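Visitor: Take this structure, written in C-alpha cells, and hold onto it; I'll ask about it next.
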Amino acid sequence: MLVAMLCLGMVACGGDPVNTGSANTGENAGTVAGTGSATTEEDRSAILELDENINFAEGGKPYEFRILGITNGGYDTDDFFAEELLEEPINDAIYTRNQTLLEKHGVKVTIKNDTTANTFQAAKNNIGAHLDSYDMYMPLINDGVPLAKEGYIYNLYEVPNLSVEKVWWDQNLAESLTIYDKLYFSIGDITTVDDDLCYVTVFNKDFLQELKPEENPYELVRQHKWTLDKFRELVKGFNNDDDGNGTMTSTDTWGFSTFTNSATVFYQAAGERMVRPDGNGGFEFSMQTERAYEVLETVLDFMVTDSKDFWRTDKIAGNSIDAFKSGKLALRTVCFDTVFGFREMEMDFGVLPYPLFDEDQKEYQTPTSTECYCPGVMIPVTASNLERTGAITELLAYYGYQHLTPAYYETSVKGVISRDEDTWEMLDLIFGNKIYDIGYIYNFGDMQFVINELTKNDNLNYVSKLDSIKDAVAADIQEVLDAFHFNQN
C-alpha cells in the first residue's frame with residue numbers, strides 16, 4: 001500500500017523537551033478501517049453526504065465559525081489559520097481548506113488558542129452560563145470527560161449533518177470511547193495533532209548497521225518478529241563509556257533511551273488496556289487478567305530491572321534526543337512529531353512501531369499521548385444552530401481529509417523520511433493502528449499513571465498496587481455509566 005502511497009516536541013509527559021477502552025479486545029485486537037493511516041490518492045474518494053453547494057452566508061456576509069482551542073507546549077490547535085499561500089504543504093492545505101469554506105460555503109473560520117487549563121475553564125464557564133461563545137471547543141480529550149458528565153457537550157452521533165462514522169473521523173477512537181451509543185468527543189483529519197502524538201520508535205540506521213549488521217528492524221516488523229523480547233535484545237551491546245570516567249552519563253554512547261511513560265505505552269502496544277468493554281454495555285477493570293499480568297511483568301522487568309543498562313530520562317540528566325541526532329544513541333521512543341526535528345541529521349534513521357508483546361499478537365498497535373497534549377472536537381449544547389454547527393464541523397473534517405492529511409504525509413515523508421522508503425510502510429502500520437484506552441482517558445480511580453509510577457519508583461509489586469485501586473476504578477466506571485445513561489444530550 002505504501003509503495004503507491006502519496007509521497008505522501010515535546011515527547012509526551014515526562015520526556016525530553018523537543019518541539020519540532022478500545023472495543024478491539026484481546027491480544028489479537030485488529031484495526032478498524034479509517035483511522036488516519038497513510039493513504040493513496042484513490043483512497044481520498046470517500047463521499048461527503050452534505051449538499052456540496054450548502055452555504056451559510058447571510059446578507060452577503062459569511063458566518064463566523066468560532067473555535068476555542070489550545071496552545072500546549074508546541075502541540076497547538078494551529079491547523080485552522082493560514083494567512084496566505086507560502087509554498088509550504090501544511091500551511092497551504094490549511095489556507096486551501098479555509099478558502100474553500102469561505103468561497104464555496106460562506107464560512108469564515110476563526111480560532112482562539114489558550115492554555116489547556118484556560119480553555120477547559122472557559123468551556124465550563126461559558127456553557128454553564130448558557131453563552132453561545134464558540135461553535136466548537138477543542139480542549140484536551142481528557143478534559144472532555146467532566147464536560148460530558150455534566151451534560152455540557154453533545155453526543156456527536158446525534159448532531160445533525162455530522163457523520164462521525166466517516167473515514168475522516170478516527171473510527172478506532174469512536175469504537176473505543178462510545179458508551180451507551182454516545183460519543184462526546186472525536187478527532188481525525190480535522191487536525192494533525194493526533195498524528196503528531198503517535199508513539200513510535202526511531203533508530204539510527206548507520207549505528208545499527210555498524211554494530212549489528214545482521215539485524216534488519218524492518219524485516220523483523222514484516223515477519224511479525226518485532227516483539228518486546230527482541231526489542232530488549234536489540235538495544236544491548238551499544239553502550240560505551242566514551243570519557244572513561246567509569247560512569248555512564250549523557251555524554252557517552254547508548255543503545256537505548258526512553259522515559260517512564262513508555263512503560264504504559266509498551267503495555268498498551270502489547271494489546272492490553274486498563275479498562276475494556278464488559279460485553280454488557282459497560283466496562284471493567286482489565287489489568288488483572290492472566291495476560292495483563294504477564295505483559296506487566298515483562299514491561300516492568302524491562303523498564304525497571306534493565307534500566308541500569310539504558311538511558312532512562314528520569315535517572316540520567318541530559319537530552320537524549322540531541323544524543324540521537326548526533327549519532328550517540330541507537331534507539332529512542334518518541335512522539336512522531338519529534339521526527340520533524342531530524343531533517344538535518346547526517347546519519348540515516350528509520351521509524352518503527354512499538355513492538356508486539358509476542359508473535360501471537362495479531363497487530364501492531366499505536367497508543368497516542370492523550371493524557372497531556374491531544375485535543376478533541378466537542379460541540380457545546382449552547383450551539384444556536386446545531387444543524388449549521390454540525391455541517392461546518394463535518395466540512396472542516398472532510399476538507400482536512402482532502403487537503404490537510406495528504407499535506408502532512410507529504411511533509412513527513414518527502415521532507416524528512418524520503419531517504420528511507422521502508423519507513424513509508426512502517427507509517428502505514430503506525431497511523432493505521434492507533435488505539436485509545438478508555439481507562440487511560442477517563443482516568444478511572446486515578447489509574448492513568450499507575451504503570452508510570454511503578455516504573456518511576458522502581459516498584460515491581462504491581463499486583464499489590466492494582467489491588468489497591470480496583471475498587472475505586474469500579475466505582476468511577478459506574479459513576480460514568482450512570483451519568484451517561486441519564487444524559488439526554
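Ligands are numbered from 1 in the order shown, residues from 1 within each chain, and chains are lettered A, B, ... in the order they appear in the C-alpha cells.
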Running DSSP on the backbone, which parts of range 182-364 of chain A land in strand (DSSP E or B), as an MDAnalysis selection string?

Guide: chainID A and resid 182 186 188 198:204 227 240 253:258 275:277 283:285 311:312 329:335 349:352 356

Visitor: Need the shell around Asp458 in chain A: protein/DNA/RNA residues with any atom at most 12 Å away, counting only C-alpha atoms. Skip same-chain ones fewer than 5 positions apart. Format as a ChimeraX atom specification?

Guide: /A:260,263,299-308,312,314-315,451-453

Visitor: Considering only C-alpha atoms, can you say which of A:Leu68, A:Val265, A:Val109, A:Leu296 comes closest to Asn459 in chain A?

Guide: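 So, comparing all the options, the nearest one is A:Leu296.
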
Visitor: Point out the residue among A:Phe349, A:Tyr218, A:Phe357, A:Trp254 with the least atom-to-atom distance to Glu425 in chain A, counting only C-alpha atoms.

Guide: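 Nearest to Glu425 in chain A: A:Tyr218.
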
Visitor: For Asp229 in chain A, which residue among A:Gly439, A:Leu356, A:Met347, A:Lys104 is the nearest when counting only C-alpha atoms?

Guide: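 Ranking A:Gly439, A:Leu356, A:Met347, A:Lys104 by distance to Asp229 in chain A, first place goes to A:Leu356.
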
Visitor: Go through A:Gln288, A:Leu50, A:Gly188, A:Leu147 and flag the residue nearest Ala483 in chain A, using only C-alpha atoms for the distances.

Guide: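 Closest residue, counting only C-alpha atoms: A:Leu147.
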
Visitor: For each of A:Leu183, A:Ala93, A:Val193, A:Ala270, take the minimum atom-to-atom distance to Asn72 in chain A, counting only C-alpha atoms, then give the residue where this is smallest.

Guide: A:Val193

Visitor: Using only C-alpha atoms for the distances, tell me which of A:Arg97, A:Lys465, A:Arg232, A:Arg332 is nearest to Phe80 in chain A.

Guide: A:Arg97

Visitor: What lies within 8 Å of Tyr63 in chain A using only C-alpha atoms, ignoring chain neighbours under 4 positions off, as an mmCIF file with N, CA, C and O atoms, in the first residue's frame?

Guide:
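Okay, part_33.cif is ready:
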```cif
data_model
loop_
_atom_site.group_PDB
_atom_site.id
_atom_site.type_symbol
_atom_site.label_atom_id
_atom_site.label_comp_id
_atom_site.auth_asym_id
_atom_site.auth_seq_id
_atom_site.Cartn_x
_atom_site.Cartn_y
_atom_site.Cartn_z
ATOM 1 N N PHE A 56 -23.661 29.155 4.076
ATOM 2 C CA PHE A 56 -24.151 29.688 5.351
ATOM 3 C C PHE A 56 -24.032 31.203 5.456
ATOM 4 O O PHE A 56 -24.253 31.776 6.523
ATOM 5 N N ALA A 57 -23.684 31.865 4.357
ATOM 6 C CA ALA A 57 -23.616 33.320 4.373
ATOM 7 C C ALA A 57 -25.016 33.900 4.563
ATOM 8 O O ALA A 57 -26.007 33.333 4.095
ATOM 9 N N GLU A 58 -25.078 35.023 5.250
ATOM 10 C CA GLU A 58 -26.355 35.713 5.458
ATOM 11 C C GLU A 58 -26.176 37.183 5.127
ATOM 12 O O GLU A 58 -25.264 37.833 5.662
ATOM 13 N N GLY A 106 -19.534 29.957 2.421
ATOM 14 C CA GLY A 106 -19.876 31.142 3.186
ATOM 15 C C GLY A 106 -19.529 31.038 4.651
ATOM 16 O O GLY A 106 -20.286 31.501 5.512
ATOM 17 N N VAL A 107 -18.364 30.462 4.958
ATOM 18 C CA VAL A 107 -17.938 30.270 6.344
ATOM 19 C C VAL A 107 -16.535 30.844 6.528
ATOM 20 O O VAL A 107 -15.615 30.503 5.776
ATOM 21 N N LYS A 108 -16.398 31.715 7.505
ATOM 22 C CA LYS A 108 -15.082 32.224 7.893
ATOM 23 C C LYS A 108 -14.675 31.562 9.201
ATOM 24 O O LYS A 108 -15.340 31.725 10.225
#
```

Visitor: Determine which residues of range 46-267 of chain A receive a DSSP assignment of alpha helix (DSSP H), computed from the backbone, and state them as a ChimeraX atom specification.

Guide: /A:89-105,116-128,144-149,171-177,193-196,205-211,217-222,228-234,262-267

Visitor: Excluding Pro375 in chain A and its own-chain neighbours fewer than 6 positions away, which residues fall within 7 Å of it when counting only C-alpha atoms? Please give them as a PyMOL selection string.

Guide: chain A and resi 138-141

Visitor: Using only N, CA and C atoms, please write the residues we just selected to a file, as a PDB file, in the first residue's frame.

Guide:
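Saved to result_14.pdb:
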```
ATOM      1  N   MET A 138     -12.115  22.748  21.506  1.00  0.00           N
ATOM      2  CA  MET A 138     -11.107  21.701  21.353  1.00  0.00           C
ATOM      3  C   MET A 138     -10.161  21.702  22.551  1.00  0.00           C
ATOM      4  N   PRO A 139     -10.684  21.384  23.728  1.00  0.00           N
ATOM      5  CA  PRO A 139      -9.796  21.182  24.874  1.00  0.00           C
ATOM      6  C   PRO A 139      -9.123  19.814  24.777  1.00  0.00           C
ATOM      7  N   LEU A 140      -8.310  19.481  25.766  1.00  0.00           N
ATOM      8  CA  LEU A 140      -7.756  18.134  25.810  1.00  0.00           C
ATOM      9  C   LEU A 140      -8.883  17.113  25.831  1.00  0.00           C
ATOM     10  N   ILE A 141      -8.655  15.968  25.184  1.00  0.00           N
ATOM     11  CA  ILE A 141      -9.659  14.902  25.213  1.00  0.00           C
ATOM     12  C   ILE A 141     -10.031  14.561  26.655  1.00  0.00           C
TER      13      ILE A 141
END
```

Visitor: Residues near range 238-240 of chain A, anyone? I mean within 9 Å using only C-alpha atoms, not counting same-chain ones fewer than 2 positions away, as a PyMOL selection string.

Guide: chain A and resi 207-208+211+235-236+242-244+248+252-256+309-310+329-330

Visitor: The selected residues should be written to file as a compact mmCIF listing (two decimals), in the first residue's frame (atoms: N, CA, C and O atoms).

Guide:
```txt
# COMPACT_ATOMS: atom_id res chain seq x y z
N PHE A 207 24.30 3.49 12.79
CA PHE A 207 24.83 2.95 14.04
C PHE A 207 24.50 1.46 14.14
O PHE A 207 25.34 0.63 14.49
N LEU A 208 23.26 1.12 13.83
CA LEU A 208 22.83 -0.28 13.90
C LEU A 208 23.59 -1.13 12.89
O LEU A 208 24.04 -2.24 13.20
N LEU A 211 27.26 -1.82 14.17
CA LEU A 211 27.48 -2.73 15.29
C LEU A 211 26.70 -4.03 15.19
O LEU A 211 27.11 -5.05 15.75
N VAL A 235 18.59 -3.67 21.85
CA VAL A 235 19.15 -2.43 22.38
C VAL A 235 20.45 -2.66 23.16
O VAL A 235 21.11 -1.69 23.57
N LYS A 236 20.81 -3.90 23.37
CA LYS A 236 22.03 -4.19 24.12
C LYS A 236 23.26 -4.19 23.20
O LYS A 236 23.16 -4.44 22.01
N ASP A 242 32.41 6.71 26.90
CA ASP A 242 33.32 7.43 26.00
C ASP A 242 34.42 8.19 26.72
O ASP A 242 35.56 8.26 26.23
N ASP A 243 34.10 8.81 27.85
CA ASP A 243 35.11 9.61 28.54
C ASP A 243 35.91 8.82 29.56
O ASP A 243 36.81 9.34 30.21
N GLY A 244 35.57 7.52 29.72
CA GLY A 244 36.34 6.64 30.58
C GLY A 244 36.33 6.98 32.05
O GLY A 244 37.22 6.56 32.80
N MET A 248 28.28 6.02 33.30
CA MET A 248 27.57 6.33 32.06
C MET A 248 26.73 7.60 32.27
O MET A 248 25.88 7.66 33.17
N ASP A 252 28.03 10.01 26.98
CA ASP A 252 28.52 8.72 26.49
C ASP A 252 27.63 8.18 25.37
O ASP A 252 26.65 8.80 24.98
N THR A 253 27.98 7.02 24.87
CA THR A 253 27.24 6.38 23.78
C THR A 253 26.30 5.33 24.36
O THR A 253 26.69 4.52 25.19
N TRP A 254 25.04 5.33 23.86
CA TRP A 254 23.99 4.46 24.43
C TRP A 254 23.29 3.67 23.33
O TRP A 254 23.20 4.11 22.17
N GLY A 255 22.71 2.55 23.75
CA GLY A 255 21.89 1.76 22.85
C GLY A 255 20.45 2.20 22.81
O GLY A 255 19.80 2.15 21.76
N PHE A 256 19.94 2.68 23.95
CA PHE A 256 18.50 2.97 24.02
C PHE A 256 18.25 4.03 25.08
O PHE A 256 18.93 4.09 26.11
N ASP A 309 20.93 -0.52 32.28
CA ASP A 309 21.68 -0.69 31.04
C ASP A 309 21.23 0.26 29.94
O ASP A 309 21.74 0.18 28.82
N PHE A 310 20.25 1.14 30.22
CA PHE A 310 19.87 2.12 29.21
C PHE A 310 19.61 3.47 29.86
O PHE A 310 19.58 3.60 31.08
N LEU A 329 23.29 7.63 20.07
CA LEU A 329 22.19 6.84 20.63
C LEU A 329 21.58 6.03 19.50
O LEU A 329 21.27 6.56 18.43
N ALA A 330 21.40 4.72 19.74
CA ALA A 330 20.92 3.84 18.67
C ALA A 330 19.41 3.87 18.49
O ALA A 330 18.91 3.93 17.37
```

Visitor: May I have the residues within 9 Å of Lys166 in chain A as a ChimeraX atom specification, using only C-alpha atoms and disregarding those fewer than 5 positions away in the same chain?

Guide: /A:34,46-48,171,398

Visitor: Pull all heavy atoms from the residues just selected and write them as a compact mmCIF listing (two decimals), in the first residue's frame.

Guide:
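Wrote it out as result19.txt, contents follow:
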```txt
# COMPACT_ATOMS: atom_id res chain seq x y z
N GLY A 34 -10.29 3.24 8.41
CA GLY A 34 -10.48 4.67 8.51
C GLY A 34 -9.96 5.27 9.79
O GLY A 34 -10.69 5.88 10.53
N ALA A 46 -13.76 9.09 -0.66
CA ALA A 46 -14.97 8.91 0.14
C ALA A 46 -15.91 10.08 -0.07
O ALA A 46 -15.49 11.22 -0.27
CB ALA A 46 -14.59 8.78 1.62
N ILE A 47 -17.19 9.81 -0.04
CA ILE A 47 -18.20 10.79 -0.44
C ILE A 47 -18.75 11.57 0.75
O ILE A 47 -19.12 11.01 1.77
CB ILE A 47 -19.37 10.10 -1.17
CG1 ILE A 47 -18.85 9.32 -2.39
CG2 ILE A 47 -20.42 11.12 -1.60
CD1 ILE A 47 -18.14 10.18 -3.40
N LEU A 48 -18.79 12.89 0.59
CA LEU A 48 -19.43 13.76 1.57
C LEU A 48 -20.93 13.70 1.35
O LEU A 48 -21.42 13.83 0.23
CB LEU A 48 -18.93 15.19 1.38
CG LEU A 48 -19.45 16.25 2.34
CD1 LEU A 48 -18.85 16.03 3.73
CD2 LEU A 48 -19.08 17.65 1.83
N GLN A 171 -12.06 6.18 13.55
CA GLN A 171 -13.00 5.12 13.89
C GLN A 171 -12.54 4.29 15.09
O GLN A 171 -13.36 3.75 15.82
CB GLN A 171 -13.25 4.23 12.68
CG GLN A 171 -13.88 4.96 11.51
CD GLN A 171 -15.14 5.72 11.90
OE1 GLN A 171 -16.10 5.13 12.38
NE2 GLN A 171 -15.13 7.03 11.73
N TYR A 398 -13.88 16.97 6.54
CA TYR A 398 -13.83 16.45 5.18
C TYR A 398 -12.72 17.11 4.36
O TYR A 398 -11.93 16.44 3.68
CB TYR A 398 -15.18 16.65 4.49
CG TYR A 398 -15.18 16.30 3.02
CD1 TYR A 398 -15.12 14.97 2.60
CD2 TYR A 398 -15.20 17.30 2.04
CE1 TYR A 398 -15.09 14.64 1.25
CE2 TYR A 398 -15.18 16.99 0.69
CZ TYR A 398 -15.13 15.65 0.30
OH TYR A 398 -15.10 15.33 -1.04
```

Visitor: Near Thr368 in chain A, within 10 Å and counting only C-alpha atoms, which residues show up once chain neighbours fewer than 3 positions away are dropped, as a compact mmCIF listing (two decimals) with N, CA and C atoms, in the first residue's frame?

Guide:
```txt
# COMPACT_ATOMS: atom_id res chain seq x y z
N ALA A 12 5.95 12.99 24.98
CA ALA A 12 4.87 13.02 25.95
C ALA A 12 5.34 13.27 27.35
N ASP A 194 -3.20 14.74 16.44
CA ASP A 194 -3.26 13.35 16.89
C ASP A 194 -2.21 12.49 16.18
N ASP A 195 -1.85 12.86 14.94
CA ASP A 195 -0.76 12.14 14.27
C ASP A 195 0.58 12.50 14.91
N ASP A 196 0.76 13.78 15.21
CA ASP A 196 1.99 14.20 15.89
C ASP A 196 2.23 13.41 17.16
N LEU A 197 1.15 13.03 17.83
CA LEU A 197 1.24 12.44 19.17
C LEU A 197 1.25 10.92 19.17
N CYS A 198 1.38 10.31 18.01
CA CYS A 198 1.53 8.85 17.96
C CYS A 198 2.90 8.46 18.51
N TYR A 199 2.92 7.46 19.38
CA TYR A 199 4.19 6.97 19.92
C TYR A 199 4.87 6.03 18.92
N VAL A 200 6.15 6.29 18.66
CA VAL A 200 6.91 5.47 17.72
C VAL A 200 8.31 5.22 18.29
N VAL A 265 2.99 2.84 27.48
CA VAL A 265 2.90 2.67 26.03
C VAL A 265 3.24 1.24 25.62
N GLN A 268 0.20 -0.89 26.45
CA GLN A 268 -0.91 -0.73 25.52
C GLN A 268 -0.57 -1.25 24.13
N CYS A 335 7.33 10.77 20.46
CA CYS A 335 6.12 11.06 19.71
C CYS A 335 6.52 11.41 18.28
N PHE A 336 5.65 11.10 17.34
CA PHE A 336 6.04 11.18 15.93
C PHE A 336 6.51 12.56 15.51
N GLN A 365 0.13 -2.04 17.44
CA GLN A 365 -0.84 -1.06 17.92
C GLN A 365 -0.12 0.20 18.37
N GLU A 371 -3.03 11.99 27.31
CA GLU A 371 -3.12 12.47 28.69
C GLU A 371 -2.61 13.89 28.87
N TYR A 373 -1.59 16.15 25.83
CA TYR A 373 -1.49 17.05 24.70
C TYR A 373 -2.63 16.97 23.68
N CYS A 374 -3.30 15.85 23.55
CA CYS A 374 -4.19 15.65 22.40
C CYS A 374 -5.56 16.30 22.61
N LYS A 434 -3.88 3.21 15.32
CA LYS A 434 -3.99 3.99 16.55
C LYS A 434 -4.98 3.32 17.50
N ILE A 435 -4.65 3.36 18.77
CA ILE A 435 -5.57 2.81 19.77
C ILE A 435 -5.80 3.84 20.87
N TYR A 436 -6.93 3.70 21.53
CA TYR A 436 -7.31 4.59 22.63
C TYR A 436 -7.84 3.74 23.78
N ASP A 437 -7.35 4.02 24.97
CA ASP A 437 -7.72 3.25 26.15
C ASP A 437 -8.66 4.10 27.00
```
